[in-house]
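Colleague: Next up is a structure, given as structure tokens.
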Amino acid sequence: MWGGNPGGTRYSALAQINTDNVGALEIAWQVRTGAIARHDPQLNLDSGFQANPILTPAAAGKSLVLCSPYNEVVALDPESGATRWSFDPQIRLGGYGSDEDPNGTTMPAYLKCRGVAFWRDAAAAGTEDATCVNRILFGTNDLRLFALDALTGEPCRDFGVNGEVDAEPLYLDKQPAWRHEVRIYNPPVIYQDLMIITTSVRDNHRWNAPAGTTRAFSVRTGELVWEWDPIPRDASDPAYPDWDAKAAQATGGAQAWGMLSVDAERDLVFLPTSGPSPDFYGGTRPGNNEYADSIVALRASTGEYVWHFQTVHHNVWDYDNAAQPVFAELTKAGKPFPAVIQGTKTGMLYIFHRETGEPYFEIEERPVPQGGVPGEVLSPTQPFPVAPPPLVPQTFSWDDEWWLNFGSCAEKYATARVGPIFTPPSIEGTLVVPSTAGGINWGSAAVHEPSNMLVTNVLNLLHFVQLVPNDEVTGPVSDGIPNDMAGTSPLHGTPYHLKQGPVMSPRFVPCNKPPWAKLVAVDLTKGEIKWAVPLGTVDKLSPVPIPFNWGAPSFSGGIVTGGGLIFIGATADNRFRAFDLNDGDELWDIKLPTSSFAHPMTYEIDGRQYVVVVSGGHPFVDRDPGDWVTAFALPDK
């Protein structure tokens with residue numbers, strides 16, 4: 001399953017490949033999915049191949065199954081890469097809708113598929129090879145759900161209508177219903193015979209965005225079983241008093257667009273929720289906005305609320321909880337402490353008891369900067385764990401400008417507000433630190449289960465945000481994404497337009513000091529950072545292709561193994577690397593056809609361990625698309 005197991009630890013006990021021999025790794029096979037050749041070059045540039053492959057068990061064909069950004073699903077032979085079957089749902093292509101064009105035919109689509117899920121019918125023992133006893137389950141960019149036979153790739157006829165459920169009417173709950181305003185990027189998580197699935201809701205757009213509802217469907221029939229909205233609409237909800245009555249009815253978003261985790265033994269599913277609509281201005285949604293920007297525990301069988309903890313109150317920094325909650329088995333006061341860990345874009349790690357929500361380390365409410373734009377009501381405090389320490393810097397001053405920029409950044413952003421984390425967006429512009437991209441983003445973290453060592457990749461960059469009053473907007477206005485510094489985009493239903501972008505010098509070099517991305521190891525028991533090393537080189541992005549180890553834009557994440565290794569791509573430099581878990585030393589690297597912004601995975605067949613990763617570039621930070629799947633192994637003796 002995606003993330004290696006239901007708790008997303010991305011840990012494999014396989015140890016054939018280890019610190020002593022990893023330098024001998026070679027390509028075992030390399031194939032292409034064919035997606036690049038089949039689709040429009042502009043769509044390829046604007047899409048992301050981010051699939052984490054899964055390996056089905058022997059009774060289901062023992063195939064490596066993954067998806068393209070266009071939701072095409074392919075099953076490969078894990079020893080050779082040969083295609084066993086493929087399925088194309090033929091998604092409706094097109095971009096984000098608009099008032100004039102609700103079906104979104106005029107703008108490019110940002111298509112992604114991060115993986116598929118596998119389910120086996122436990123009630124069908126003895127008939128493992130029967131049709132659709134083993135299923136591949138996934139959702140699409142155009143909000144359809146599919147169930148395929150894992151052996152053949154044929155649709156399961158008892159699921160929806162001939163293997164398909166059109167879920168678009170459930171998700172486009174706001175008018176105008178703009179196509180692609182809501183999408184399914186992640187695979188469902190499985191609990192018994194339920195597939196629990198989340199969406200990505202367009203942000204930076206309108207105050208009354210579509211709801212970010214999490215839904216559970218039957219894996220057998222595709223019927224809706226339960227749903228949970230992160231905005232409390234009902235006055236009987238315990239979080240409702242925190243909300244303005246109008247905002248509670250109209251505000252959207254707050255969805256868990258990162259992956260979920262499931263504790264089947266405790267009947268719990270954990271959601272990392274994001275910011276309510278819109279980002280960067282909260283005047284239309286006063287209050288803490290509880291359930292948004294939280295880790296939320298629900299009863300997996302029913303969707304019933306169990307507990308939550310909000311990591312950002314009244315979020316106006318786009319500090320979504322994007323990372324999958326990760327499990328660990330800790331001890332506290334001599335007693336077992338089944339932990340769930342929420343990584344955040346702020347670079348902070350929050351650790352809780354999975355059943356009760358009790359923090360493992362104390363969490364303090366500390367005062368934060370005030371002085372938002374007119375109409376804004378900020379939270380006076382934010383929650384800070386006393387341990388582990390933040391994994392990235394949380395303050396910036398012009399003394400921190402990188403010397404190679406020779407003061408050009410201080411001149412360029414002379415009127416902008418600078419300061420510590422949670423300095424609010426402003427009319428004059430604010431440098432947001434950490435960046436809205438992290439800290440820790442959707443790549444989450446990996447946990448070496450025997451030692452309770454957590455490893456994650458983090459970004460160390462700044463972001464510029466400016467709120468421009470509607471009557472003062474000049475220059476180009478775009479209602480698309482991504483936003484850039486050349487113009488503004490409307491926050492529909494608010495008094496403001498938004499200008500945002502990375503904080504770069506006039507030579508388009510980051511203003512803050514490197515490293516701009518790091519790999520960090522944390523001792524979860526002690527709450528201490530064990531080591532941190534730069535992650536990535538800038539030779540691909542720099543006009544002078546010198547491989548300075550300054551860190552490169554980093555998304556997705558890595559895995560850890562019983563061989564004492566961390567495998568990770570996740571950088572805009574085409575490289576796939578192996579690090580020593582003990583001290584962070586880089587032991588091996590290889591150049592891929594293009595950058596990999598997807599989690600790798602590992603498996604063993606007939607005594608040979610393989611490590612597999614896809615590479616396809618990134619629609620924002622490395623527009624070099626690809627559709628490559630590469631498997632590595634030690635030389636076959």
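Labeling convention for the structure tokens: chains A, B, ... as they appear, residues from 1 per chain, ligands from 1 in order of appearance.
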With only C-alpha atoms as the counted atoms, please give the residues lying no more than 6 Å from segment 591-599 of chain A, apart from itself and same-chain residues fewer than 6 positions off, as a ChimeraX atom specification.

Modeller: /A:50-52,555-558,569-570,572-575,615-617

Colleague: Next, write the just-selected residues to a file, as a PDB file, in the first residue's frame, keeping N, CA and C atoms as the atom set.

Modeller:
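result_24.pdb was written with the following content:
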ATOM      1  N   GLN A  50       3.734  11.527  -9.941  1.00  0.00           N
ATOM      2  CA  GLN A  50       4.114  11.447  -8.531  1.00  0.00           C
ATOM      3  C   GLN A  50       3.697  10.120  -7.898  1.00  0.00           C
ATOM      4  N   ALA A  51       3.608   9.083  -8.683  1.00  0.00           N
ATOM      5  CA  ALA A  51       3.056   7.821  -8.210  1.00  0.00           C
ATOM      6  C   ALA A  51       4.039   7.049  -7.329  1.00  0.00           C
ATOM      7  N   ASN A  52       3.536   6.549  -6.219  1.00  0.00           N
ATOM      8  CA  ASN A  52       4.250   5.587  -5.378  1.00  0.00           C
ATOM      9  C   ASN A  52       3.714   4.202  -5.747  1.00  0.00           C
ATOM     10  N   PHE A 555      10.168  18.029  -3.037  1.00  0.00           N
ATOM     11  CA  PHE A 555       8.808  17.576  -2.746  1.00  0.00           C
ATOM     12  C   PHE A 555       8.782  16.051  -2.845  1.00  0.00           C
ATOM     13  N   SER A 556       7.793  15.448  -2.232  1.00  0.00           N
ATOM     14  CA  SER A 556       7.650  14.022  -1.966  1.00  0.00           C
ATOM     15  C   SER A 556       8.624  13.639  -0.861  1.00  0.00           C
ATOM     16  N   GLY A 557       9.022  12.370  -0.768  1.00  0.00           N
ATOM     17  CA  GLY A 557       9.834  11.961   0.372  1.00  0.00           C
ATOM     18  C   GLY A 557      10.573  10.680   0.104  1.00  0.00           C
ATOM     19  N   GLY A 558      11.056  10.056   1.193  1.00  0.00           N
ATOM     20  CA  GLY A 558      11.902   8.895   1.061  1.00  0.00           C
ATOM     21  C   GLY A 558      11.410   7.701   1.851  1.00  0.00           C
ATOM     22  N   GLY A 569      14.513  10.521  -3.765  1.00  0.00           N
ATOM     23  CA  GLY A 569      14.699  11.401  -4.919  1.00  0.00           C
ATOM     24  C   GLY A 569      14.330  12.792  -4.441  1.00  0.00           C
ATOM     25  N   ALA A 570      13.122  13.271  -4.841  1.00  0.00           N
ATOM     26  CA  ALA A 570      12.483  14.452  -4.232  1.00  0.00           C
ATOM     27  C   ALA A 570      13.208  15.764  -4.465  1.00  0.00           C
ATOM     28  N   ALA A 572      15.006  18.721  -7.370  1.00  0.00           N
ATOM     29  CA  ALA A 572      14.988  19.218  -8.748  1.00  0.00           C
ATOM     30  C   ALA A 572      16.383  19.182  -9.360  1.00  0.00           C
ATOM     31  N   ASP A 573      17.029  18.011  -9.288  1.00  0.00           N
ATOM     32  CA  ASP A 573      18.361  17.868  -9.868  1.00  0.00           C
ATOM     33  C   ASP A 573      18.554  16.515 -10.550  1.00  0.00           C
ATOM     34  N   ASN A 574      17.437  15.807 -10.800  1.00  0.00           N
ATOM     35  CA  ASN A 574      17.442  14.520 -11.506  1.00  0.00           C
ATOM     36  C   ASN A 574      18.059  13.371 -10.707  1.00  0.00           C
ATOM     37  N   ARG A 575      18.470  13.596  -9.475  1.00  0.00           N
ATOM     38  CA  ARG A 575      19.226  12.574  -8.769  1.00  0.00           C
ATOM     39  C   ARG A 575      18.350  11.734  -7.837  1.00  0.00           C
ATOM     40  N   SER A 615      10.111   8.894 -12.252  1.00  0.00           N
ATOM     41  CA  SER A 615      10.656  10.242 -12.457  1.00  0.00           C
ATOM     42  C   SER A 615       9.866  10.927 -13.558  1.00  0.00           C
ATOM     43  N   GLY A 616       9.428  12.154 -13.272  1.00  0.00           N
ATOM     44  CA  GLY A 616       8.588  12.855 -14.233  1.00  0.00           C
ATOM     45  C   GLY A 616       8.622  14.358 -14.166  1.00  0.00           C
ATOM     46  N   GLY A 617       9.589  14.938 -13.410  1.00  0.00           N
ATOM     47  CA  GLY A 617       9.619  16.389 -13.301  1.00  0.00           C
ATOM     48  C   GLY A 617       8.516  16.917 -12.407  1.00  0.00           C
TER      49      GLY A 617
END

Colleague: Would you pick out the contacts of segment 138-141 of chain A at 7 Å or less, using only C-alpha atoms, so that residues sharing its chain but fewer than 4 positions from it are not included, and give the list as a ChimeraX atom specification?

Modeller: /A:71,111,116-117,145-147,183-185,187-188

Colleague: Which residues, written as a PyMOL selection string, have at least one atom at most 10 Å from Tyr360 of chain A, with only C-alpha atoms counted and residues fewer than 2 positions away on the same chain left out?

Modeller: chain A and resi 330-332+337-341+350-353+357-358+362-363+385+387+524-525+527

Colleague: Any chance you can output those residues with C-alpha atoms as a PDB file, in the first residue's frame?

Modeller:
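Written out: part.pdb:
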ATOM      1  CA  LEU A 330       6.826   4.725  21.760  1.00  0.00           C
ATOM      2  CA  THR A 331       6.931   4.408  25.557  1.00  0.00           C
ATOM      3  CA  LYS A 332       5.980   7.071  28.092  1.00  0.00           C
ATOM      4  CA  PHE A 337       2.431   4.923  23.802  1.00  0.00           C
ATOM      5  CA  PRO A 338       0.992   4.152  20.341  1.00  0.00           C
ATOM      6  CA  ALA A 339       1.935   7.407  18.640  1.00  0.00           C
ATOM      7  CA  VAL A 340       0.786   9.316  15.596  1.00  0.00           C
ATOM      8  CA  ILE A 341       3.099  12.066  14.348  1.00  0.00           C
ATOM      9  CA  TYR A 350       3.426  17.096  16.896  1.00  0.00           C
ATOM     10  CA  ILE A 351       3.260  13.657  18.543  1.00  0.00           C
ATOM     11  CA  PHE A 352       0.036  12.259  20.040  1.00  0.00           C
ATOM     12  CA  HIS A 353      -1.411   9.094  21.535  1.00  0.00           C
ATOM     13  CA  GLY A 357      -4.881  12.613  21.494  1.00  0.00           C
ATOM     14  CA  GLU A 358      -2.614  13.074  24.534  1.00  0.00           C
ATOM     15  CA  GLU A 362       4.190  19.294  26.037  1.00  0.00           C
ATOM     16  CA  ILE A 363       2.659  21.812  23.626  1.00  0.00           C
ATOM     17  CA  PRO A 385       5.681  21.737  20.888  1.00  0.00           C
ATOM     18  CA  ALA A 387      10.181  19.041  21.524  1.00  0.00           C
ATOM     19  CA  LEU A 524      11.487  10.482  18.522  1.00  0.00           C
ATOM     20  CA  THR A 525      12.066   9.105  22.026  1.00  0.00           C
ATOM     21  CA  GLY A 527      12.750  14.635  20.875  1.00  0.00           C
TER      22      GLY A 527
END

Colleague: What gap, in Å, lies between atom CA of Val368 of chain A and atom CA of Thr423 of chain A?

Modeller: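 Spanning atom CA of Val368 of chain A to atom CA of Thr423 of chain A is a straight-line distance of 7.4 Å.
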
Colleague: Which of segment 209-444 of chain A counts as strand (DSSP E) under DSSP, as a VMD selection string please?

Modeller: chain A and resid 214 to 218 224 to 228 261 to 263 268 to 272 294 to 299 305 to 310 326 to 332 335 to 343 349 to 353 363 to 367 381 to 385 430 to 432

Colleague: Do you have the atom CA of Gly563 of chain A-atom CA of Pro450 of chain A distance handy?

Modeller: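 Rounded to one decimal, the two atoms are 11.7 Å apart.
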
Colleague: I need the residue nearest Leu454 of chain A from this list: A:Asp46, A:Asp88, A:Asp318, A:Asp523. Use only C-alpha atoms for the distance.

Modeller: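 When distances to Leu454 of chain A are compared using only C-alpha atoms, the smallest one comes from A:Asp523.
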
Colleague: Out of A:Val392, A:Ala124, A:Ala75, A:Ile421, which residue has the shortest atom-to-atom distance to Arg366 of chain A when counting only C-alpha atoms?

Modeller: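 Closest to Arg366 of chain A, using only C-alpha atoms: A:Ile421.
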
Colleague: Would you mind listing, for every residue of segment 187-291 of chain A within 8 Å of segment 154-171 of chain A, the two atoms forming the shortest contact and the distance between them in Å to one decimal, using only C-alpha atoms, sorted by chain and ascending residue number, as a tab-separated table?

Modeller:
residue	atom	partner	partner_atom	distance
A:Pro210	CA	A:Tyr171	CA	7.2
A:Ala211	CA	A:Tyr171	CA	7.3
A:Thr213	CA	A:Tyr171	CA	7.8
A:Val219	CA	A:Phe159	CA	7.4
A:Arg220	CA	A:Phe159	CA	5.8
A:Thr221	CA	A:Phe159	CA	4.2
A:Gly222	CA	A:Gly160	CA	5.2
A:Glu223	CA	A:Gly160	CA	7.2

Colleague: Tell me, in Å to one decimal, how far atom CA of Val614 of chain A is from atom CA of Ile568 of chain A.

Modeller: 11.2 Å

Colleague: I'd like to know which of A:Lys526, A:Val629, A:Gly275, A:Glu376 is closest to Pro389 of chain A, using only C-alpha atoms.

Modeller: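 Among the listed residues, the smallest separation from Pro389 of chain A belongs to A:Lys526.
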
Colleague: So which residues touch Ile427 of chain A within 8 Å, counting only C-alpha atoms, skipping near sequence neighbours fewer than 2 positions away, as a count of residues only?

Modeller: 7

Colleague: Per residue of segment 149-217 of chain A within 9 Å of segment 294-309 of chain A, which atom pair is closest and at what distance in Å (one decimal), using only C-alpha atoms, listed by chain and increasing number, as JSON lines?

Modeller:
{"residue": "A:Tyr191", "atom": "CA", "partner": "A:Ala300", "partner_atom": "CA", "distance": 6.7}
{"residue": "A:Gln192", "atom": "CA", "partner": "A:Ser301", "partner_atom": "CA", "distance": 8.2}
{"residue": "A:Leu194", "atom": "CA", "partner": "A:Ser301", "partner_atom": "CA", "distance": 7.8}
{"residue": "A:Ile196", "atom": "CA", "partner": "A:Ala300", "partner_atom": "CA", "distance": 8.3}
{"residue": "A:Thr214", "atom": "CA", "partner": "A:Gly303", "partner_atom": "CA", "distance": 8.8}
{"residue": "A:Arg215", "atom": "CA", "partner": "A:Gly303", "partner_atom": "CA", "distance": 8.3}
{"residue": "A:Ala216", "atom": "CA", "partner": "A:Gly303", "partner_atom": "CA", "distance": 8.0}

Colleague: Given the selection you just returned, output its residues as a file containing N, CA, C and O atoms, formatted as a PDB file, in the first residue's frame.

Modeller:
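Heads up, here's the output in out34.pdb:
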ATOM      1  N   TYR A 191     -10.083   0.387   4.913  1.00  0.00           N
ATOM      2  CA  TYR A 191     -10.432  -0.154   6.232  1.00  0.00           C
ATOM      3  C   TYR A 191     -11.536  -1.186   6.012  1.00  0.00           C
ATOM      4  O   TYR A 191     -12.635  -0.832   5.556  1.00  0.00           O
ATOM      5  N   GLN A 192     -11.228  -2.457   6.308  1.00  0.00           N
ATOM      6  CA  GLN A 192     -12.160  -3.550   6.071  1.00  0.00           C
ATOM      7  C   GLN A 192     -12.669  -3.491   4.627  1.00  0.00           C
ATOM      8  O   GLN A 192     -11.877  -3.592   3.699  1.00  0.00           O
ATOM      9  N   LEU A 194     -14.148  -0.810   3.226  1.00  0.00           N
ATOM     10  CA  LEU A 194     -14.369   0.598   2.896  1.00  0.00           C
ATOM     11  C   LEU A 194     -13.131   1.166   2.210  1.00  0.00           C
ATOM     12  O   LEU A 194     -11.992   0.838   2.570  1.00  0.00           O
ATOM     13  N   ILE A 196     -11.652   4.877   1.840  1.00  0.00           N
ATOM     14  CA  ILE A 196     -11.824   6.222   2.391  1.00  0.00           C
ATOM     15  C   ILE A 196     -10.963   7.162   1.558  1.00  0.00           C
ATOM     16  O   ILE A 196      -9.759   6.952   1.406  1.00  0.00           O
ATOM     17  N   THR A 214     -14.348  14.416   3.484  1.00  0.00           N
ATOM     18  CA  THR A 214     -13.791  13.071   3.371  1.00  0.00           C
ATOM     19  C   THR A 214     -14.937  12.083   3.303  1.00  0.00           C
ATOM     20  O   THR A 214     -15.893  12.177   4.087  1.00  0.00           O
ATOM     21  N   ARG A 215     -14.843  11.121   2.390  1.00  0.00           N
ATOM     22  CA  ARG A 215     -15.950  10.173   2.187  1.00  0.00           C
ATOM     23  C   ARG A 215     -15.431   8.740   2.171  1.00  0.00           C
ATOM     24  O   ARG A 215     -14.317   8.475   1.713  1.00  0.00           O
ATOM     25  N   ALA A 216     -16.284   7.833   2.642  1.00  0.00           N
ATOM     26  CA  ALA A 216     -16.000   6.405   2.597  1.00  0.00           C
ATOM     27  C   ALA A 216     -17.028   5.729   1.707  1.00  0.00           C
ATOM     28  O   ALA A 216     -18.234   5.963   1.837  1.00  0.00           O
TER      29      ALA A 216
END

Colleague: I want to know what sits within 8 Å of Gly564 of chain A, based on only C-alpha atoms, with residues of the same chain fewer than 3 positions away left out; could you give that as a ChimeraX atom specification?

Modeller: /A:15,18-19,560-561,580-582
